[in-house]
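Q: Have a peek at query16.cif (mmCIF, C-alpha atoms).
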data_upload
#
loop_
_atom_site.label_atom_id
_atom_site.label_comp_id
_atom_site.auth_asym_id
_atom_site.auth_seq_id
_atom_site.Cartn_x
_atom_site.Cartn_y
_atom_site.Cartn_z
CA MET A 1 -13.84 -9.91 -11.69
CA SER A 2 -13.96 -12.31 -14.61
CA ASN A 3 -13.00 -15.85 -13.65
CA PRO A 4 -9.80 -16.86 -15.45
CA THR A 5 -9.22 -20.54 -16.05
CA ILE A 6 -7.28 -22.07 -13.17
CA ASP A 7 -4.44 -24.19 -14.56
CA LEU A 8 -3.94 -26.56 -11.64
CA GLN A 9 -0.75 -28.00 -13.09
CA ALA A 10 0.76 -24.53 -13.41
CA ILE A 11 -0.41 -23.66 -9.88
CA ARG A 12 1.25 -26.78 -8.45
CA LEU A 13 4.46 -26.09 -10.34
CA ALA A 14 4.55 -22.50 -9.10
CA ALA A 15 3.95 -23.65 -5.50
CA ARG A 16 6.81 -26.14 -5.73
CA LYS A 17 9.08 -23.41 -7.13
CA LEU A 18 8.22 -21.17 -4.20
CA GLU A 19 8.84 -23.97 -1.72
CA ALA A 20 12.26 -24.49 -3.34
CA GLY A 21 13.17 -20.85 -2.69
CA GLU A 22 12.61 -19.61 -6.25
CA LEU A 23 10.72 -16.56 -7.50
CA VAL A 24 7.28 -16.74 -9.13
CA ALA A 25 5.26 -13.93 -10.73
CA PHE A 26 1.54 -14.16 -10.02
CA PRO A 27 -1.57 -12.07 -10.68
CA THR A 28 -3.57 -10.21 -8.07
CA GLU A 29 -6.57 -7.94 -8.51
CA THR A 30 -4.29 -4.91 -7.99
CA VAL A 31 -1.10 -5.64 -9.97
CA TYR A 32 1.13 -8.65 -10.66
CA GLY A 33 3.39 -9.64 -7.78
CA LEU A 34 6.91 -11.05 -7.68
CA GLY A 35 6.56 -13.77 -5.09
CA ALA A 36 8.86 -15.66 -2.74
CA ASP A 37 8.39 -17.74 0.39
CA ALA A 38 7.93 -15.07 3.07
CA GLU A 39 9.59 -17.27 5.70
CA ASN A 40 12.68 -17.94 3.60
CA ALA A 41 15.02 -15.00 4.22
CA ALA A 42 17.28 -15.93 1.30
CA ALA A 43 14.32 -16.15 -1.08
CA VAL A 44 13.00 -12.77 0.07
CA ALA A 45 16.50 -11.32 -0.43
CA SER A 46 16.38 -12.58 -4.02
CA ILE A 47 13.26 -10.42 -4.60
CA TYR A 48 15.23 -7.35 -3.57
CA ALA A 49 18.11 -8.36 -5.84
CA ALA A 50 15.87 -9.05 -8.85
CA LYS A 51 14.02 -5.75 -8.51
CA GLY A 52 17.01 -3.63 -7.50
CA ARG A 53 14.95 -2.74 -4.43
CA PRO A 54 16.55 -1.11 -1.35
CA SER A 55 16.74 -3.67 1.46
CA ASN A 56 15.00 -1.30 3.89
CA HIS A 57 11.89 -0.98 1.71
CA PRO A 58 9.34 -3.51 3.03
CA VAL A 59 7.32 -5.97 0.99
CA ILE A 60 3.78 -7.21 1.58
CA VAL A 61 3.02 -10.78 2.66
CA HIS A 62 0.06 -12.34 0.82
CA VAL A 63 -1.94 -14.97 2.71
CA ALA A 64 -4.80 -17.33 1.94
CA PRO A 65 -8.37 -16.49 3.03
CA GLU A 66 -8.18 -19.14 5.75
CA ALA A 67 -4.81 -17.95 7.08
CA ASP A 68 -4.15 -17.55 10.79
CA ILE A 69 -3.22 -13.87 11.02
CA GLY A 70 -1.99 -14.47 14.54
CA TYR A 71 0.83 -16.59 13.10
CA TRP A 72 2.23 -13.55 11.29
CA ALA A 73 1.45 -10.80 13.77
CA GLU A 74 2.52 -10.52 17.38
CA SER A 75 -0.90 -9.06 18.16
CA VAL A 76 -4.07 -8.53 16.15
CA PRO A 77 -6.28 -5.70 17.43
CA PRO A 78 -10.07 -5.76 17.08
CA GLN A 79 -9.80 -3.07 14.39
CA ALA A 80 -7.83 -5.48 12.20
CA HIS A 81 -10.49 -8.16 12.54
CA ALA A 82 -13.15 -5.60 11.60
CA LEU A 83 -11.30 -4.52 8.45
CA ILE A 84 -10.56 -8.14 7.50
CA ALA A 85 -14.27 -8.95 7.79
CA ALA A 86 -15.19 -5.92 5.67
CA PHE A 87 -12.54 -5.93 2.94
CA TRP A 88 -10.71 -9.27 2.71
CA PRO A 89 -10.17 -10.84 0.28
CA GLY A 90 -9.43 -7.55 -1.43
CA PRO A 91 -7.05 -4.65 -2.06
CA LEU A 92 -6.31 -3.71 1.57
CA THR A 93 -2.96 -4.22 3.33
CA LEU A 94 -2.80 -4.11 7.12
CA ILE A 95 0.40 -3.18 8.96
CA LEU A 96 0.61 -5.07 12.26
CA PRO A 97 3.34 -5.83 14.82
CA ARG A 98 5.52 -8.57 13.30
CA ALA A 99 5.71 -11.91 15.08
CA ALA A 100 9.26 -12.61 16.27
CA HIS A 101 9.68 -15.76 14.13
CA ILE A 102 8.83 -13.95 10.86
CA PRO A 103 11.99 -12.83 9.04
CA ALA A 104 12.71 -9.12 9.30
CA GLN A 105 13.58 -9.07 5.57
CA VAL A 106 9.89 -8.85 4.65
CA SER A 107 9.62 -5.66 6.70
CA GLY A 108 12.80 -3.93 5.64
CA GLY A 109 14.15 -4.58 9.13
CA GLN A 110 11.15 -3.06 10.92
CA ASP A 111 9.15 -4.61 13.76
CA SER A 112 5.95 -4.50 11.70
CA VAL A 113 4.61 -6.67 8.89
CA GLY A 114 2.26 -5.90 5.99
CA LEU A 115 -0.44 -8.55 5.37
CA ARG A 116 -2.98 -8.86 2.56
CA CYS A 117 -5.38 -11.48 1.28
CA PRO A 118 -5.85 -10.98 -2.50
CA SER A 119 -9.18 -11.69 -4.18
CA HIS A 120 -7.80 -12.83 -7.55
CA PRO A 121 -8.76 -16.51 -8.03
CA VAL A 122 -5.33 -17.46 -9.40
CA ALA A 123 -3.59 -15.84 -6.43
CA GLN A 124 -5.95 -17.62 -4.04
CA ALA A 125 -5.36 -20.96 -5.74
CA LEU A 126 -1.60 -20.47 -5.46
CA LEU A 127 -1.81 -19.46 -1.78
CA ARG A 128 -3.93 -22.50 -0.96
CA GLU A 129 -1.54 -24.84 -2.78
CA PHE A 130 1.65 -23.31 -1.35
CA LYS A 131 2.50 -25.10 1.90
CA SER A 132 -1.10 -26.39 1.96
CA GLY A 133 -2.39 -22.87 2.55
CA LYS A 134 -0.28 -22.26 5.63
CA GLY A 135 2.47 -20.26 3.93
CA GLY A 136 2.75 -16.61 3.03
CA ILE A 137 4.04 -15.20 -0.24
CA ALA A 138 6.11 -12.04 -0.03
CA GLY A 139 5.08 -10.19 -3.16
CA PRO A 140 5.94 -6.66 -4.21
CA SER A 141 5.01 -5.64 -7.74
CA ALA A 142 6.75 -7.67 -10.45
CA ASN A 143 8.79 -4.85 -11.99
CA LYS A 144 12.16 -3.21 -11.51
CA PHE A 145 12.16 -0.94 -8.48
CA GLY A 146 10.46 2.43 -9.03
CA HIS A 147 9.11 1.55 -12.48
CA VAL A 148 5.49 1.25 -13.61
CA SER A 149 3.81 -1.75 -12.00
CA PRO A 150 2.67 -4.62 -14.27
CA THR A 151 -1.00 -5.41 -14.71
CA THR A 152 -0.57 -8.21 -17.27
CA ALA A 153 1.73 -11.22 -17.57
CA GLN A 154 3.23 -9.65 -20.71
CA HIS A 155 4.25 -6.59 -18.68
CA VAL A 156 6.23 -8.92 -16.40
CA ARG A 157 7.88 -10.58 -19.39
CA ASP A 158 8.79 -7.19 -20.82
CA GLU A 159 10.20 -6.01 -17.49
CA PHE A 160 12.43 -9.01 -16.79
CA ASP A 161 13.34 -10.26 -20.27
CA ILE A 162 11.83 -13.69 -19.64
CA ASP A 163 13.33 -15.06 -22.86
CA GLY A 164 16.78 -14.07 -21.62
CA ASP A 165 18.50 -14.44 -18.26
CA SER A 166 15.49 -13.96 -15.97
CA PRO A 167 15.42 -14.35 -12.17
CA ILE A 168 11.79 -15.56 -12.36
CA ALA A 169 11.17 -19.31 -12.39
CA CYS A 170 7.65 -19.04 -13.83
CA ILE A 171 4.77 -16.64 -14.45
CA LEU A 172 1.13 -17.40 -13.74
CA ASP A 173 -1.12 -15.60 -16.24
CA GLY A 174 -4.42 -14.42 -14.79
CA GLY A 175 -5.36 -11.80 -17.36
CA GLN A 176 -5.31 -8.06 -16.74
CA SER A 177 -5.55 -6.97 -13.11
CA GLU A 178 -9.02 -5.63 -12.41
CA VAL A 179 -8.21 -2.84 -9.92
CA GLY A 180 -5.03 -1.70 -11.66
CA ILE A 181 -3.29 0.16 -8.82
CA GLU A 182 -1.70 -1.18 -5.65
CA SER A 183 -3.57 -1.88 -2.43
CA THR A 184 -4.51 0.64 0.21
CA ILE A 185 -2.11 0.36 3.18
CA ILE A 186 -3.37 1.04 6.71
CA ASP A 187 -1.06 1.06 9.71
CA LEU A 188 -2.59 -0.59 12.79
CA SER A 189 0.72 -1.35 14.47
CA ARG A 190 0.38 1.74 16.69
CA ILE A 191 -3.39 1.69 17.00
CA ALA A 192 -3.43 2.40 20.75
CA THR A 193 -1.47 5.63 20.44
CA HIS A 194 -2.05 6.86 16.87
CA GLY A 195 -5.29 5.26 15.69
CA PRO A 196 -5.53 3.92 12.12
CA VAL A 197 -3.06 5.65 9.79
CA LEU A 198 -3.22 5.75 5.98
CA LEU A 199 0.22 4.97 4.54
CA ARG A 200 -0.81 4.53 0.89
CA PRO A 201 -4.19 5.32 -0.70
CA GLY A 202 -5.77 2.85 -3.06
CA HIS A 203 -9.05 1.39 -4.27
CA ILE A 204 -10.45 1.16 -0.74
CA SER A 205 -10.80 4.71 0.54
CA ALA A 206 -10.04 6.22 3.91
CA ALA A 207 -13.74 7.08 4.19
CA GLN A 208 -14.70 3.41 3.76
CA ILE A 209 -12.22 2.39 6.44
CA SER A 210 -13.43 5.13 8.78
CA ALA A 211 -17.01 3.93 8.29
CA VAL A 212 -16.05 0.43 9.45
CA LEU A 213 -13.90 1.53 12.40
CA GLY A 214 -16.02 4.47 13.52
CA VAL A 215 -12.97 6.76 13.78
CA THR A 216 -11.17 9.08 11.39
CA VAL A 217 -8.20 7.60 9.55
CA GLN A 218 -5.13 9.72 10.22
CA ALA A 219 -2.50 10.88 7.72
CA ALA A 220 0.97 9.35 7.92
CA ASP A 221 3.29 10.96 10.44
CA ALA A 222 7.09 11.08 10.57
CA ALA A 223 7.28 8.03 12.84
CA ALA A 224 4.98 5.84 10.72
CA PRO A 225 6.39 2.54 9.47
CA ARG A 226 7.95 2.55 6.02
CA ALA A 227 5.59 1.01 3.49
CA SER A 228 5.68 -0.25 -0.08
CA GLY A 229 5.37 2.30 -2.87
CA THR A 230 5.63 5.44 -0.76
CA LEU A 231 8.88 6.98 -2.00
CA GLU A 232 8.58 10.34 -3.75
CA SER A 233 9.73 8.78 -7.04
CA HIS A 234 7.74 5.65 -7.86
CA TYR A 235 5.49 4.08 -10.50
CA ALA A 236 7.49 5.96 -13.14
CA PRO A 237 8.00 5.13 -16.82
CA ARG A 238 11.40 5.75 -18.34
CA THR A 239 10.04 8.69 -20.33
CA PRO A 240 9.60 11.84 -18.19
CA VAL A 241 6.01 12.50 -17.14
CA LEU A 242 4.40 15.95 -16.92
CA LEU A 243 1.16 16.22 -14.95
CA VAL A 244 -0.82 19.21 -16.25
CA PRO A 245 -4.12 20.65 -14.92
CA PRO A 246 -6.89 20.57 -17.57
CA PRO A 247 -7.14 24.40 -17.98
CA GLN A 248 -3.43 24.54 -18.83
CA LEU A 249 -3.30 21.47 -21.07
CA GLU A 250 -3.70 23.11 -24.48
CA ALA A 251 -1.21 25.92 -23.78
CA THR A 252 1.34 23.51 -22.29
CA LEU A 253 1.16 21.17 -25.28
CA LYS A 254 1.73 24.10 -27.65
CA GLN A 255 4.62 25.44 -25.58
CA LEU A 256 6.36 22.06 -25.42
CA HIS A 257 5.84 21.47 -29.13
CA LEU A 258 7.37 24.88 -29.95
CA ALA A 259 10.31 23.92 -27.72
CA GLY A 260 10.94 20.99 -30.04
CA GLN A 261 9.61 18.24 -27.80
CA SER A 262 7.85 15.18 -29.21
CA LEU A 263 4.83 14.42 -27.06
CA ALA A 264 2.65 11.53 -25.98
CA LEU A 265 -0.63 12.42 -24.28
CA ILE A 266 -2.78 10.66 -21.67
CA ALA A 267 -6.08 12.52 -21.32
CA TYR A 268 -9.57 11.83 -20.02
CA SER A 269 -11.34 14.74 -21.69
CA THR A 270 -13.91 13.82 -24.31
CA ALA A 271 -11.92 15.51 -27.05
CA THR A 272 -8.33 16.38 -27.84
CA PRO A 273 -7.64 20.11 -27.27
CA ALA A 274 -8.80 22.12 -30.26
CA ASP A 275 -5.38 23.43 -31.24
CA CYS A 276 -3.42 20.37 -30.13
CA PRO A 277 0.00 20.06 -31.82
CA PRO A 278 1.01 16.78 -33.48
CA LEU A 279 1.34 13.91 -31.02
CA VAL A 280 3.53 10.82 -31.23
CA ALA A 281 0.81 8.84 -29.45
CA GLN A 282 -2.32 9.37 -27.37
CA PHE A 283 -4.21 7.24 -24.83
CA ALA A 284 -7.82 8.19 -24.06
CA MET A 285 -8.83 7.50 -20.47
CA THR A 286 -12.31 7.27 -18.95
CA ALA A 287 -13.39 10.16 -16.71
CA SER A 288 -14.35 7.79 -13.88
CA PRO A 289 -11.88 6.66 -11.20
CA GLN A 290 -12.35 2.89 -11.29
CA PRO A 291 -11.89 2.37 -15.06
CA TYR A 292 -9.16 5.03 -15.05
CA ALA A 293 -7.20 3.10 -12.40
CA HIS A 294 -7.71 -0.13 -14.35
CA ASP A 295 -6.08 1.42 -17.44
CA LEU A 296 -3.49 3.71 -15.82
CA TYR A 297 -0.41 1.49 -15.91
CA VAL A 298 -1.32 0.15 -19.36
CA ALA A 299 -1.47 3.74 -20.59
CA LEU A 300 1.86 4.70 -19.00
CA ARG A 301 3.57 1.62 -20.44
CA ASN A 302 2.08 2.13 -23.91
CA MET A 303 3.11 5.78 -23.99
CA ASP A 304 6.56 4.85 -22.69
CA HIS A 305 7.00 2.69 -25.80
CA ALA A 306 6.00 5.55 -28.11
CA ALA A 307 9.52 7.03 -28.20
CA ALA A 308 8.31 10.51 -27.25
CA ASP A 309 10.43 13.02 -25.35
CA LEU A 310 7.68 13.57 -22.78
CA ILE A 311 4.47 11.95 -21.59
CA VAL A 312 1.94 14.67 -20.82
CA VAL A 313 -0.86 13.56 -18.47
CA GLU A 314 -4.03 15.57 -18.02
CA ALA A 315 -4.34 15.80 -14.22
CA PRO A 316 -7.44 13.98 -12.92
CA PRO A 317 -9.96 15.59 -10.56
CA SER A 318 -8.79 16.17 -6.98
CA ASP A 319 -11.80 14.79 -5.11
CA PRO A 320 -11.28 11.86 -2.68
CA SER A 321 -12.43 9.15 -5.09
CA TRP A 322 -9.33 9.90 -7.19
CA GLN A 323 -6.87 9.91 -4.27
CA GLY A 324 -5.12 6.63 -5.12
CA ILE A 325 -4.76 7.57 -8.79
CA ASN A 326 -3.44 11.04 -8.00
CA ASP A 327 -0.97 9.53 -5.54
CA ARG A 328 0.46 7.26 -8.26
CA LEU A 329 0.60 10.03 -10.86
CA ARG A 330 2.23 12.46 -8.45
CA ARG A 331 5.02 9.98 -7.77
CA ALA A 332 5.37 9.06 -11.46
CA ALA A 333 5.70 12.75 -12.31
CA HIS A 334 7.86 13.75 -9.35
CA ASP A 335 10.25 15.73 -11.56
CA SER A 336 7.56 17.38 -13.68
CA SER A 337 7.88 20.87 -12.17
CA ALA A 338 11.62 20.91 -12.79
CA VAL A 339 11.16 19.64 -16.34
CA LEU A 340 8.56 22.32 -17.11
CA ALA A 341 10.70 25.02 -15.57
CA GLY A 342 13.54 23.99 -17.87
CA PHE A 343 11.38 24.48 -20.96
CA ARG A 344 10.12 27.86 -19.75
CA LYS A 345 13.59 29.38 -19.40
#
How would this structure read if it were set down as structure tokens?
A:
Amino acid sequence: MSNPTIDLQAIRLAARKLEAGELVAFPTETVYGLGADAENAAAVASIYAAKGRPSNHPVIVHVAPEADIGYWAESVPPQAHALIAAFWPGPLTLILPRAAHIPAQVSGGQDSVGLRCPSHPVAQALLREFKSGKGGIAGPSANKFGHVSPTTAQHVRDEFDIDGDSPIACILDGGQSEVGIESTIIDLSRIATHGPVLLRPGHISAAQISAVLGVTVQAADAAAPRASGTLESHYAPRTPVLLVPPPQLEATLKQLHLAGQSLALIAYSTATPADCPPLVAQFAMTASPQPYAHDLYVALRNMDHAAADLIVVEAPPSDPSWQGINDRLRRAAHDSSAVLAGFRK
């Protein structure tokens, strides 16, 4: 990660705003977060109000590298310490049993709590300044609920109309987020009975986690805790998204064009399909998962501004290294089958 300039005055101002119960947008290596004092129930409630987020949908608590995890969690199993040693600071969220004194609002009323230590230097500076490093910042993505997450400060401004009546007291600008998609979430709150459970894929893979723990990471079950960003519809631009396998891309574009639809295209192939119809806009992605993830939300936001009827996305490969990306695209395009069926009638 490039090292953005740390504006200590801005960091101190943001920390004081948080301590006063206000909301602050801040960068992490995954996406920008909308932060509030995690121990201030009223401040956390204001996150839900600003985002239009259901009150039962938990948020993640961000902590400094030196934080006492035992303050936030009722118990911390050895597996958590192993993953913290391997991946923190970094894009991994651990779900642990919530300590009784931590407000239930951060967990959507559940008995668990999601904890993460971000690696972004601006986020770390803020966490160390806030309550002298002993506080936690509740921080879901800094966008309206269900929309595309922001990976730049400008995305946050666009989302919340910062020049108008904004709920955000200030924004810390740390450049574009390096990872580009949200953290991997692993449930350890039921480790004795269920083992480690993957609630949301991300940059850190299940295979990497399994290698550290020496056991297979399980898929989420019906009784798993609710977690951020796991609803069927999520990460979605306002323009409908169609996710199309590469062999069907050219034919689908032609069919939609003949149906009178104006199209924006996100593709990773080296060339536009030979007989591609006119496009309103196009975003060329890299056929490698890490740079693709870095650019994904920028691409979705840019194509959303293109005033097309549909955003067509060439479906990425299905191998495990693309799991986090495919998870986000599947949720962004949750209505794509119905939309396609409508055009095929």
Q: One number please: atom CA of A:Pro246 to atom CA of A:Val313, in Å, one decimal.
A: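 About the pair atom CA of A:Pro246 and atom CA of A:Val313: they are 9.3 Å apart.
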Q: Set the distance at 12 Å and use all atoms listed in the file: which residues neighbour A:Glu178 once local chain neighbours fewer than 4 positions away are removed? I'd like the list as a PyMOL selection string.
A: chain A and resi 1-4+27-32+90-91+118-121+150-152+174+182-183+203+290-298
Q: Can you list, as a PyMOL selection string, every protein, DNA or RNA residue that comes within 8 Å of stretch 320-333 of chain A when you count all atoms listed in the file, leaving out same-chain residues fewer than 6 positions away?
A: chain A and resi 181+200-203+205+231-237+240-243+289+293
Q: Would you mind reading off the distance between atom CA of A:Gly108 and atom CA of A:His57, one decimal, in Å?
A: 5.0 Å
Q: Evaluate the PyMOL selection byres ((chain A and resi 199) around 10) on the structure here and hand back the selected residues as a count of residues only.
A: 24
Q: Excluding same-chain residues fewer than 4 positions from A:Gln9, what lies within 12 Å of it counting all atoms listed in the file, as a list in words?
A: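 After dropping sequence-adjacent residues, the list is Thr5, Leu13, Ala14, Ala15, Arg16, Ala125, Leu126, Glu129 and Leu172 of chain A.
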Q: Which of these residues is nearest to A:Asp161, using only C-alpha atoms: A:Val63, A:Ala50, A:Ala315, A:Ile84?
A: A:Ala50
Q: Here's the selection I'm unsure about, the PyMOL selection byres ((chain A and resi 284) around 9); applied to the file above, which residues does it give, as a VMD selection string?
A: chain A and resid 265 to 271 282 to 283 285 to 286 299
Q: Between atom CA of A:Lys131 and atom CA of A:Glu19, what is the distance in Å, rounded to a tenth?
A: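 These two atoms are separated by 7.4 Å.
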Q: Run through the PyMOL selection byres ((chain A and resi 127) around 9) on the given coordinates and return the selected residues as a ChimeraX atom specification.
A: /A:15,62-65,122-126,128-137
Q: Pick from A:Ala211, A:Leu263, A:Cys117, A:Val156: nearest to A:Lys51, with only C-alpha atoms counted?
A: A:Val156
